[in-house]
>>> print(open('target_0.cif').read())   # mmCIF, C-alpha atoms
data_my_file
loop_
_atom_site.label_atom_id
_atom_site.label_comp_id
_atom_site.auth_asym_id
_atom_site.auth_seq_id
_atom_site.Cartn_x
_atom_site.Cartn_y
_atom_site.Cartn_z
CA MET A 1 -0.11 -6.96 -45.22
CA LYS A 2 2.24 -8.66 -42.76
CA GLN A 3 3.85 -5.31 -41.94
CA PHE A 4 0.40 -3.85 -41.29
CA PHE A 5 -0.42 -6.58 -38.78
CA LEU A 6 2.90 -6.09 -37.01
CA LEU A 7 2.46 -2.34 -36.70
CA ALA A 8 -1.16 -2.76 -35.59
CA ALA A 9 -0.04 -5.23 -32.93
CA VAL A 10 2.56 -2.84 -31.57
CA ALA A 11 0.04 0.01 -31.71
CA LEU A 12 -2.36 -2.03 -29.56
CA THR A 13 0.38 -2.63 -27.05
CA SER A 14 1.38 1.03 -26.96
CA MET A 15 -2.17 2.29 -26.52
CA THR A 16 -3.00 -0.04 -23.66
CA ALA A 17 0.24 0.04 -21.76
CA SER A 18 -0.22 2.44 -18.85
CA ALA A 19 0.71 -0.36 -16.46
CA GLN A 20 3.06 -2.31 -18.68
CA PHE A 21 5.19 0.50 -20.04
CA GLY A 22 4.62 3.16 -17.41
CA ALA A 23 3.67 6.63 -18.54
CA GLN A 24 4.28 7.71 -22.12
CA ARG A 25 6.27 10.79 -23.08
CA GLY A 26 4.41 14.08 -23.17
CA ASN A 27 1.95 13.24 -20.42
CA PRO A 28 -0.18 16.22 -19.39
CA VAL A 29 0.58 18.00 -16.13
CA VAL A 30 -2.54 18.21 -13.98
CA PRO A 31 -3.17 19.54 -10.47
CA SER A 32 -2.76 17.18 -7.55
CA VAL A 33 -6.10 15.74 -6.49
CA LYS A 34 -7.72 16.23 -3.11
CA ALA A 35 -7.90 12.95 -1.22
CA GLU A 36 -11.41 11.57 -0.89
CA VAL A 37 -10.46 10.01 2.45
CA GLU A 38 -7.34 10.36 4.60
CA ASP A 39 -6.76 6.69 5.35
CA PHE A 40 -3.54 6.24 3.40
CA LYS A 41 -1.40 3.21 4.12
CA PRO A 42 2.13 2.48 2.88
CA ALA A 43 2.13 0.41 -0.30
CA ILE A 44 3.32 -3.17 0.09
CA SER A 45 5.66 -2.49 -2.84
CA ASN A 46 7.65 0.06 -0.81
CA GLN A 47 11.16 -0.39 0.42
CA GLU A 48 11.27 -1.50 4.04
CA ASN A 49 9.94 1.06 6.56
CA LYS A 50 9.12 3.65 3.88
CA GLN A 51 5.78 5.33 4.54
CA PHE A 52 5.31 6.68 1.01
CA PRO A 53 4.08 6.14 -1.60
CA ALA A 54 0.79 5.29 0.07
CA VAL A 55 -2.67 4.27 -1.10
CA ASN A 56 -6.04 5.07 0.45
CA SER A 57 -9.25 3.05 0.42
CA LYS A 58 -10.38 4.92 -2.72
CA ARG A 59 -7.24 3.68 -4.52
CA GLN A 60 -5.68 7.13 -4.71
CA VAL A 61 -1.88 7.19 -4.68
CA ARG A 62 0.08 9.72 -2.65
CA ALA A 63 3.80 10.27 -3.07
CA GLN A 64 6.29 12.35 -1.10
CA ILE A 65 9.91 13.26 -1.64
CA MET A 66 12.33 15.68 0.01
CA ALA A 67 13.76 17.97 -2.69
CA PRO A 68 14.22 21.47 -1.23
CA ASN A 69 16.05 22.88 -4.25
CA ALA A 70 13.66 21.56 -6.90
CA LYS A 71 11.43 23.95 -8.84
CA PHE A 72 8.91 21.35 -10.01
CA VAL A 73 8.04 17.82 -8.83
CA GLY A 74 5.29 15.66 -10.29
CA LEU A 75 3.86 12.20 -9.66
CA ASP A 76 3.84 10.52 -13.07
CA ILE A 77 1.35 7.62 -13.10
CA ALA A 78 -1.20 6.20 -15.55
CA GLY A 79 -0.63 8.80 -18.25
CA LYS A 80 -0.79 11.94 -16.09
CA ILE A 81 1.75 13.97 -14.13
CA TYR A 82 0.16 15.21 -10.90
CA GLU A 83 1.79 18.45 -9.80
CA MET A 84 3.11 18.09 -6.25
CA THR A 85 3.36 20.93 -3.73
CA LYS A 86 6.31 21.85 -1.49
CA ASP A 87 6.10 22.74 2.19
CA GLU A 88 8.43 25.06 4.10
CA ASN A 89 10.90 22.23 4.71
CA GLY A 90 11.21 21.26 1.05
CA LEU A 91 8.96 18.18 1.26
CA TRP A 92 6.89 17.67 -1.87
CA THR A 93 3.51 15.89 -1.71
CA GLY A 94 1.07 14.93 -4.43
CA THR A 95 -2.03 12.75 -4.78
CA SER A 96 -3.45 11.04 -7.86
CA GLU A 97 -6.93 10.20 -8.98
CA PRO A 98 -8.18 6.69 -8.10
CA GLN A 99 -6.22 3.97 -9.90
CA ASP A 100 -7.24 0.53 -11.06
CA GLU A 101 -6.50 -2.14 -8.49
CA GLY A 102 -3.27 -4.02 -9.01
CA PHE A 103 0.30 -3.17 -9.94
CA HIS A 104 1.35 0.05 -11.71
CA TYR A 105 4.67 1.41 -12.91
CA TYR A 106 5.19 5.07 -12.01
CA GLN A 107 7.96 7.63 -11.69
CA LEU A 108 8.63 11.10 -10.34
CA ASN A 109 9.32 14.08 -12.55
CA ILE A 110 11.81 16.48 -10.96
CA ASP A 111 12.56 19.62 -12.94
CA GLY A 112 11.90 17.79 -16.19
CA ALA A 113 13.84 14.64 -15.37
CA SER A 114 11.91 11.37 -14.96
CA VAL A 115 13.44 9.48 -12.04
CA PRO A 116 12.58 6.49 -9.83
CA ASP A 117 11.03 7.11 -6.44
CA PRO A 118 13.76 6.26 -3.88
CA ALA A 119 11.09 4.85 -1.54
CA SER A 120 9.76 2.21 -3.94
CA LEU A 121 11.13 -1.20 -4.75
CA TYR A 122 12.40 -1.32 -8.31
CA TYR A 123 10.92 -3.36 -11.14
CA TYR A 124 11.88 -3.82 -14.76
CA GLY A 125 9.25 -2.28 -17.02
CA ALA A 126 9.05 0.51 -19.61
CA SER A 127 12.43 -0.84 -20.79
CA ARG A 128 14.13 0.32 -17.58
CA TRP A 129 14.43 -0.41 -13.90
CA GLY A 130 12.06 1.92 -12.07
CA SER A 131 9.34 2.36 -9.50
CA GLY A 132 6.19 0.33 -9.08
CA ILE A 133 3.24 0.48 -6.72
CA GLU A 134 0.70 -2.12 -5.67
CA VAL A 135 -2.84 -0.77 -5.36
CA PRO A 136 -4.68 -3.24 -3.10
CA SER A 137 -7.35 -5.42 -4.68
CA ALA A 138 -10.18 -7.32 -3.06
CA ASP A 139 -8.92 -10.62 -4.47
CA GLN A 140 -5.16 -10.27 -3.95
CA ASP A 141 -5.12 -13.19 -1.51
CA PHE A 142 -4.49 -15.65 -4.35
CA TRP A 143 -0.94 -14.35 -4.95
CA GLN A 144 0.14 -13.80 -1.34
CA VAL A 145 2.86 -15.86 0.36
CA LYS A 146 1.09 -18.40 2.55
CA ASN A 147 2.07 -21.17 4.93
CA VAL A 148 1.97 -23.86 2.24
CA PRO A 149 4.75 -25.99 0.71
CA GLN A 150 7.03 -23.55 -1.06
CA GLY A 151 8.50 -24.02 -4.49
CA SER A 152 11.55 -22.10 -5.68
CA VAL A 153 12.48 -19.64 -8.41
CA SER A 154 16.06 -19.83 -9.66
CA GLU A 155 18.04 -17.53 -11.92
CA VAL A 156 19.45 -19.84 -14.59
CA PHE A 157 22.17 -19.02 -17.12
CA TYR A 158 22.60 -21.05 -20.29
CA TRP A 159 24.46 -20.87 -23.60
CA SER A 160 22.41 -19.96 -26.66
CA THR A 161 23.55 -21.39 -29.96
CA TYR A 162 21.28 -18.90 -31.75
CA THR A 163 22.46 -15.67 -30.10
CA GLU A 164 25.97 -17.06 -29.45
CA LYS A 165 26.06 -15.74 -25.90
CA MET A 166 24.94 -16.62 -22.40
CA ARG A 167 21.29 -15.98 -21.66
CA ARG A 168 19.30 -15.86 -18.45
CA CYS A 169 15.89 -17.22 -17.55
CA HIS A 170 13.99 -17.86 -14.34
CA VAL A 171 12.79 -21.36 -13.50
CA TYR A 172 10.04 -22.17 -11.01
CA LEU A 173 10.16 -25.63 -9.45
CA PRO A 174 7.18 -26.78 -7.37
CA ALA A 175 7.78 -28.02 -3.84
CA GLU A 176 7.16 -31.61 -4.93
CA TYR A 177 10.17 -31.43 -7.25
CA TYR A 178 12.32 -31.68 -4.12
CA THR A 179 10.17 -34.01 -2.00
CA ASN A 180 9.54 -36.54 -4.78
CA PRO A 181 12.98 -36.92 -6.42
CA THR A 182 11.96 -39.51 -9.02
CA LYS A 183 8.91 -37.76 -10.39
CA LYS A 184 8.90 -35.98 -13.75
CA PHE A 185 6.87 -32.83 -14.36
CA PRO A 186 5.14 -30.98 -17.21
CA VAL A 187 6.48 -27.58 -18.25
CA LEU A 188 4.87 -24.19 -18.87
CA TYR A 189 6.87 -21.66 -20.89
CA LEU A 190 5.58 -18.27 -19.73
CA GLN A 191 6.48 -14.98 -21.40
CA HIS A 192 6.38 -11.28 -20.46
CA GLY A 193 5.23 -8.24 -22.44
CA MET A 194 6.83 -5.36 -24.33
CA GLY A 195 9.32 -3.30 -22.32
CA GLU A 196 9.70 -6.08 -19.72
CA ASN A 197 12.02 -9.02 -19.29
CA GLU A 198 12.46 -12.39 -17.58
CA TYR A 199 11.97 -10.79 -14.15
CA GLY A 200 8.38 -9.73 -14.87
CA TRP A 201 6.48 -12.93 -14.13
CA ALA A 202 8.68 -13.81 -11.17
CA GLU A 203 8.41 -10.37 -9.53
CA GLN A 204 5.38 -8.36 -10.71
CA GLY A 205 3.46 -11.50 -11.63
CA HIS A 206 4.08 -13.45 -8.39
CA THR A 207 4.08 -16.67 -10.38
CA ALA A 208 5.57 -18.84 -7.63
CA GLN A 209 3.03 -17.70 -5.07
CA ILE A 210 0.10 -18.25 -7.44
CA LEU A 211 1.23 -21.79 -8.25
CA ASP A 212 2.24 -22.70 -4.69
CA ASN A 213 -1.21 -21.72 -3.44
CA LEU A 214 -3.10 -23.45 -6.26
CA ILE A 215 -1.08 -26.65 -5.87
CA ALA A 216 -1.63 -26.65 -2.11
CA GLU A 217 -5.37 -26.34 -2.75
CA LYS A 218 -5.14 -29.20 -5.31
CA LYS A 219 -6.48 -26.88 -7.99
CA ALA A 220 -3.41 -27.06 -10.23
CA VAL A 221 -1.08 -29.82 -11.39
CA PRO A 222 2.49 -29.31 -10.10
CA CYS A 223 4.58 -28.11 -13.02
CA ILE A 224 7.84 -26.43 -13.90
CA ILE A 225 7.57 -22.87 -15.23
CA VAL A 226 10.26 -21.28 -17.40
CA MET A 227 10.28 -17.49 -17.78
CA ASP A 228 12.67 -16.12 -20.39
CA ASN A 229 13.33 -12.87 -22.26
CA GLY A 230 11.45 -12.50 -25.54
CA LEU A 231 13.02 -9.18 -26.51
CA ASN A 232 16.74 -9.95 -26.72
CA ALA A 233 16.77 -12.96 -29.04
CA ARG A 234 19.17 -11.51 -31.59
CA ARG A 235 21.91 -13.04 -33.66
CA PRO A 236 25.37 -11.45 -33.35
CA GLY A 237 25.38 -8.07 -35.09
CA GLU A 238 21.59 -7.89 -35.38
CA GLN A 239 19.95 -4.65 -34.26
CA GLY A 240 16.62 -4.18 -32.49
CA GLY A 241 14.87 -6.24 -29.88
CA PHE A 242 12.95 -9.05 -31.57
CA GLY A 243 15.25 -10.95 -33.86
CA GLY A 244 14.22 -11.27 -37.48
CA PRO A 245 12.17 -8.44 -39.06
CA ARG A 246 11.39 -5.76 -36.50
CA PRO A 247 8.93 -2.90 -36.02
CA GLN A 248 10.02 0.23 -37.89
CA ARG A 249 9.28 2.65 -35.05
CA PRO A 250 10.51 3.11 -31.48
CA GLN A 251 8.76 1.51 -28.54
CA GLY A 252 5.95 3.79 -27.40
CA GLY A 253 5.90 5.81 -30.63
CA ALA A 254 2.81 6.47 -32.69
CA ALA A 255 1.68 4.10 -35.41
CA PRO A 256 1.83 5.43 -38.96
CA GLN A 257 -1.17 7.40 -40.16
CA GLY A 258 -4.06 5.12 -41.01
CA GLN A 259 -2.75 2.16 -39.03
CA ARG A 260 -4.05 2.99 -35.57
CA ARG A 261 -6.81 0.84 -34.13
CA GLN A 262 -9.87 2.45 -32.59
CA GLY A 263 -11.33 1.65 -29.21
CA ALA A 264 -8.85 2.65 -26.51
CA PRO A 265 -9.20 0.91 -23.16
CA GLY A 266 -12.17 2.15 -21.17
CA GLN A 267 -13.73 3.87 -24.19
CA ALA A 268 -16.47 2.80 -26.52
CA GLY A 269 -15.20 1.23 -29.71
CA PRO A 270 -15.07 -1.96 -31.71
CA ARG A 271 -13.83 -5.17 -30.20
CA ARG A 272 -10.18 -5.77 -30.84
CA GLY A 273 -9.78 -8.93 -32.81
CA GLY A 274 -6.71 -11.05 -33.16
CA PHE A 275 -3.70 -10.28 -35.28
CA GLY A 276 -2.50 -12.61 -37.97
CA GLY A 277 1.14 -13.23 -38.85
CA PHE A 278 3.27 -10.31 -37.74
CA GLY A 279 5.99 -10.68 -40.35
CA GLY A 280 8.56 -12.41 -38.13
CA PHE A 281 7.62 -10.62 -34.91
CA SER A 282 8.53 -13.79 -33.02
CA GLU A 283 11.22 -15.23 -35.26
CA GLY A 284 14.22 -14.66 -33.01
CA PHE A 285 12.61 -15.93 -29.86
CA LYS A 286 11.12 -18.91 -31.68
CA ASN A 287 14.64 -20.01 -32.62
CA VAL A 288 15.97 -19.52 -29.10
CA LEU A 289 12.97 -21.37 -27.67
CA PHE A 290 13.27 -24.44 -29.89
CA ASN A 291 17.06 -24.54 -30.28
CA ASP A 292 18.16 -23.55 -26.79
CA ILE A 293 15.55 -23.15 -24.06
CA ILE A 294 13.49 -26.33 -24.45
CA PRO A 295 16.60 -28.55 -24.97
CA MET A 296 18.27 -26.97 -21.92
CA VAL A 297 15.20 -27.53 -19.75
CA GLU A 298 14.66 -31.11 -20.92
CA LYS A 299 18.33 -31.92 -20.36
CA ASN A 300 18.73 -30.38 -16.90
CA TYR A 301 15.35 -30.93 -15.23
CA ARG A 302 13.07 -33.88 -14.62
CA VAL A 303 10.44 -33.10 -17.22
CA ILE A 304 7.99 -35.13 -19.27
CA ALA A 305 9.56 -34.27 -22.60
CA ASP A 306 6.68 -34.48 -25.04
CA PRO A 307 4.19 -31.96 -26.47
CA GLN A 308 1.32 -33.37 -24.41
CA HIS A 309 3.07 -32.12 -21.26
CA ARG A 310 4.20 -28.79 -22.65
CA ALA A 311 2.33 -25.45 -22.42
CA TYR A 312 3.11 -21.99 -23.75
CA ALA A 313 1.54 -18.71 -22.65
CA GLY A 314 2.38 -15.03 -22.71
CA LEU A 315 1.00 -11.61 -21.97
CA SER A 316 0.59 -8.77 -24.48
CA MET A 317 3.65 -8.97 -26.77
CA GLY A 318 4.49 -12.36 -25.27
CA GLY A 319 0.99 -13.55 -26.08
CA MET A 320 1.34 -12.32 -29.65
CA GLN A 321 4.57 -14.28 -29.92
CA ALA A 322 2.81 -17.30 -28.41
CA ARG A 323 0.13 -17.05 -31.07
CA GLU A 324 2.53 -16.82 -33.97
CA ILE A 325 4.82 -19.57 -32.66
CA THR A 326 2.10 -22.07 -31.76
CA LEU A 327 0.04 -21.55 -34.90
CA ALA A 328 3.17 -22.21 -36.96
CA ASN A 329 4.14 -25.20 -34.80
CA PRO A 330 0.87 -26.88 -33.79
CA ASP A 331 2.63 -30.10 -32.80
CA LYS A 332 4.86 -28.57 -30.11
CA PHE A 333 2.45 -27.54 -27.32
CA ALA A 334 -0.80 -29.02 -26.06
CA TYR A 335 -1.87 -25.97 -24.04
CA VAL A 336 -1.73 -22.37 -25.27
CA GLY A 337 -2.51 -19.18 -23.36
CA SER A 338 -2.79 -15.63 -24.69
CA PHE A 339 -3.29 -12.85 -22.13
CA SER A 340 -4.19 -9.30 -23.29
CA SER A 341 -3.00 -10.09 -26.80
CA GLY A 342 -6.21 -9.66 -28.74
CA ALA A 343 -8.88 -12.23 -29.44
CA TRP A 344 -8.08 -15.17 -31.74
CA ASN A 345 -10.44 -15.93 -34.61
CA VAL A 346 -11.71 -19.06 -36.32
CA GLU A 347 -9.75 -18.48 -39.52
CA GLN A 348 -6.42 -18.30 -37.69
CA VAL A 349 -7.05 -21.66 -36.08
CA LYS A 350 -8.42 -23.28 -39.25
CA ASN A 351 -5.42 -22.12 -41.26
CA SER A 352 -3.02 -23.87 -38.89
CA GLU A 353 -3.21 -27.50 -39.91
CA GLY A 354 -3.37 -29.72 -36.85
CA PHE A 355 -3.80 -26.93 -34.29
CA ALA A 356 -7.40 -27.70 -33.33
CA LYS A 357 -6.59 -31.42 -33.19
CA ASN A 358 -3.33 -31.25 -31.24
CA VAL A 359 -4.00 -28.42 -28.81
CA LYS A 360 -6.04 -29.53 -25.80
CA LEU A 361 -6.72 -26.01 -24.58
CA LEU A 362 -6.70 -22.56 -26.17
CA PHE A 363 -7.09 -19.94 -23.44
CA MET A 364 -7.44 -16.24 -24.20
CA SER A 365 -8.03 -13.42 -21.76
CA GLY A 366 -8.02 -9.67 -21.32
CA GLY A 367 -8.93 -6.97 -18.87
CA GLY A 368 -12.54 -5.89 -18.79
CA LYS A 369 -11.46 -2.36 -19.74
CA GLU A 370 -9.51 -3.64 -22.75
CA ASN A 371 -12.68 -4.56 -24.64
CA MET A 372 -11.04 -7.47 -26.47
CA GLY A 373 -13.99 -9.84 -26.67
CA CYS A 374 -12.04 -12.94 -25.68
CA GLU A 375 -15.03 -14.76 -24.22
CA GLU A 376 -17.07 -14.32 -27.39
CA ALA A 377 -14.11 -15.31 -29.58
CA ALA A 378 -13.44 -18.45 -27.56
CA LYS A 379 -17.08 -19.47 -27.78
CA LYS A 380 -17.06 -19.00 -31.55
CA ILE A 381 -13.94 -21.17 -31.93
CA HIS A 382 -15.48 -23.80 -29.67
CA ASP A 383 -18.82 -23.80 -31.48
CA GLU A 384 -17.44 -23.80 -35.03
CA LEU A 385 -14.38 -26.00 -34.62
CA GLY A 386 -15.27 -28.11 -31.59
CA MET A 387 -12.07 -27.03 -29.88
CA ASN A 388 -11.61 -26.60 -26.14
CA ALA A 389 -11.32 -22.80 -26.24
CA VAL A 390 -11.82 -20.80 -23.05
CA GLY A 391 -12.18 -17.02 -22.71
CA TYR A 392 -11.72 -15.02 -19.54
CA GLU A 393 -12.28 -11.34 -18.76
CA SER A 394 -10.65 -9.80 -15.69
CA PRO A 395 -13.26 -7.54 -14.07
CA GLY A 396 -12.39 -3.87 -13.71
CA THR A 397 -8.80 -4.02 -14.97
CA ALA A 398 -7.01 -2.93 -18.13
CA HIS A 399 -3.59 -3.73 -19.64
CA GLU A 400 -1.92 -4.35 -16.31
CA TRP A 401 -0.40 -6.99 -14.10
CA HIS A 402 -3.49 -7.81 -12.09
CA THR A 403 -5.20 -8.81 -15.34
CA TRP A 404 -2.31 -11.16 -16.06
CA ARG A 405 -2.06 -12.57 -12.54
CA ARG A 406 -5.75 -13.42 -12.70
CA SER A 407 -5.22 -14.89 -16.15
CA LEU A 408 -2.42 -17.15 -14.92
CA TYR A 409 -4.55 -18.14 -11.94
CA GLN A 410 -7.32 -19.26 -14.30
CA PHE A 411 -5.03 -20.84 -16.91
CA ALA A 412 -2.98 -22.84 -14.41
CA GLN A 413 -6.13 -24.61 -13.18
CA LEU A 414 -6.89 -25.89 -16.69
CA ILE A 415 -3.56 -27.19 -17.97
CA PHE A 416 -2.02 -30.67 -17.74
CA LYS A 417 -5.32 -32.28 -16.80
#
>>> encode(input="target_0.cif", output="structure tokens")
Amino acid sequence: MKQFFLLAAVALTSMTASAQFGAQRGNPVVPSVKAEVEDFKPAISNQENKQFPAVNSKRQVRAQIMAPNAKFVGLDIAGKIYEMTKDENGLWTGTSEPQDEGFHYYQLNIDGASVPDPASLYYYGASRWGSGIEVPSADQDFWQVKNVPQGSVSEVFYWSTYTEKMRRCHVYLPAEYYTNPTKKFPVLYLQHGMGENEYGWAEQGHTAQILDNLIAEKKAVPCIIVMDNGLNARRPGEQGGFGGPRPQRPQGGAAPQGQRRQGAPGQAGPRRGGFGGFGGFSEGFKNVLFNDIIPMVEKNYRVIADPQHRAYAGLSMGGMQAREITLANPDKFAYVGSFSSGAWNVEQVKNSEGFAKNVKLLFMSGGGKENMGCEEAAKKIHDELGMNAVGYESPGTAHEWHTWRRSLYQFAQLIFK
């Protein structure tokens, strides 16, 4: 049964990961789409002074690349490869269908090889460094850099007794950490999803900007945020990416027959409920978190070192790990967030002795197109257990970074209060 839940969890992640993992292998080649309007503007995720890729007001993406000797070039985004056309100078151009607002991984396919777009900034996703594009959203102001007191994000290396090697995390310190040198702060441990790493929340997620702006507006309590890697917590000689028992199929592969879940994003289907224990899905990272990360943070930073001032949240795979770790350790964190990781249920909470009593906030969220039912699930937990459970649904988005930015924006306003 545990193996079933683990495989089902990974299947959910694979099915909903157009933004998180980039395109899957074997994507269909389709004709380039005619632009609905010709008001394309360079994406803000481009390298400096690069005019393409560009996005129009209908959220269509247009890419260009000079490749005079190529026989085929395609724009590979959101599960489709749009066939690009070449002009007499060897410049290839292609346009996609409208995309969801927010951040998307993409790549170019040149004569069968999937390669990054040399005009895009590079991001770590789909288990590689590659291209990403920001499709403008009406509410993107909340994660923009503004003229407010600026915190910092540092790349921090530390020794792990569990993995027996140096590890890296990113640490956000609010502006007040520097201006008020005697004050101690609460800590949020914030984790990425499958195929991503400790750069995700700092770069794609714009964590520092979200918190700087909320703190300046007095909507969030200043806190330290630690962003680590949940996929490389392995003991010496251990294979795979999780530590402990691991999925028995490659990332992005199909689930075994009979273990797929129905209801793909944007399609009719049953609500996706939560997943129970995943058979050690989080075991390796749990050990690194408790043995190495938390002690390192509480030794080196001015933190309030008790569970009442400690929060843990994650997206997708990171949210699944958050669920397993916090349910098994209900005395370690007072605030728990689960973004695009399936809806929790009453039985899970009831079966974790002390969870409902110790945890001040259980927050679960998903994209509106993910059909996870987080709002209904949170209400049920609140009504039946009397727990402060909050559900949030990101309008118009699926399994993608804008869902998770919005989730952090909501979650950060509720913790440490």
>>> resolve_selection(input="target_0.cif", expression="the PyMOL selection byres ((chain A and resi 395) around 10)", output="list of chain:residue names")
A:Gly366, A:Gly367, A:Gly368, A:Lys369, A:Tyr392, A:Glu393, A:Ser394, A:Gly396, A:Thr397, A:Ala398, A:His402, A:Thr403, A:Arg406
>>> atom_distance(input="target_0.cif", atom1="atom CA of Asn197 of chain A", atom2="atom CA of Met227 of chain A")
8.8 Å
>>> residues_around(input="target_0.cif", residues="segment 29-34 of chain A", least_positions_apart="5", cutoff="10 Å", atoms="only C-alpha atoms", output="list in words")
Gln60, Val61, Arg62, Gly74, Leu75, Asp76, Gly79, Lys80, Ile81, Tyr82, Glu83, Met84, Thr85, Thr93, Gly94, Thr95, Ser96, Glu97 and Pro98 of chain A
>>> closest_residue(input="target_0.cif", among="A:Trp344, A:Phe416, A:Tyr158, A:Trp404", to="Ile293 of chain A", atoms="all atoms listed in the file")
A:Tyr158
>>> atom_distance(input="target_0.cif", atom1="atom CA of Val359 of chain A", atom2="atom CA of Met387 of chain A")
8.3 Å
>>> atom_distance(input="target_0.cif", atom1="atom CA of Val297 of chain A", atom2="atom CA of Val226 of chain A")
8.3 Å
>>> residues_around(input="target_0.cif", residues="segment 203-205 of chain A", least_positions_apart="6", cutoff="9 Å", atoms="only C-alpha atoms", output="list in words")
Phe103, Tyr123, Tyr124, Gly132, Trp143, Trp401, His402, Trp404, Arg405 and Leu408 of chain A
>>> resolve_selection(input="target_0.cif", expression="the PyMOL selection byres ((chain A and resi 318-326) around 8)", output="VMD selection string")
chain A and resid 9 191 to 194 230 275 to 278 281 to 282 286 312 to 317 327 to 330 332 to 333 336 to 341
>>> residues_around(input="target_0.cif", residues="Glu298 of chain A", least_positions_apart="5", cutoff="12 Å", atoms="only C-alpha atoms", output="ChimeraX atom specification")
/A:184-187,224,226,289-293,303-307,309-310
>>> closest_residue(input="target_0.cif", among="A:Ala70, A:Tyr301, A:Ile294, A:Asn46", to="Tyr122 of chain A", atoms="all atoms listed in the file")
A:Asn46
>>> resolve_selection(input="target_0.cif", expression="the PyMOL selection byres ((chain A and resi 414) around 10)", output="VMD selection string")
chain A and resid 219 to 221 335 360 to 361 363 390 408 to 413 415 to 417
>>> closest_residue(input="target_0.cif", among="A:Pro149, A:Gly130, A:Gly102, A:Gly386", to="Ser114 of chain A", atoms="all atoms listed in the file")
A:Gly130
>>> closest_residue(input="target_0.cif", among="A:Asp39, A:Asp331, A:Asp111, A:Asp100", to="Gly354 of chain A", atoms="all atoms listed in the file")
A:Asp331
>>> closest_residue(input="target_0.cif", among="A:Ile77, A:Met296, A:Ala334, A:Ala377", to="Val156 of chain A", atoms="all atoms listed in the file")
A:Met296
>>> closest_residue(input="target_0.cif", among="A:Ile381, A:Cys169, A:Ala119, A:Met372", to="Glu347 of chain A", atoms="only C-alpha atoms")
A:Ile381
>>> residues_around(input="target_0.cif", residues="Lys86 of chain A", least_positions_apart="6", cutoff="9 Å", atoms="all atoms listed in the file", output="ChimeraX atom specification")
/A:66-68,72-73,92-93
>>> residues_near_point(input="target_0.cif", point="(2.7, -23.2, -1.6)", cutoff="12 Å", atoms="only C-alpha atoms", output="MDAnalysis selection string")
chainID A and resid 142:152 172:176 206:220 222
>>> residues_around(input="target_0.cif", residues="Phe40 of chain A", least_positions_apart="5", cutoff="8 Å", atoms="only C-alpha atoms", output="PyMOL selection string")
chain A and resi 54-57+62
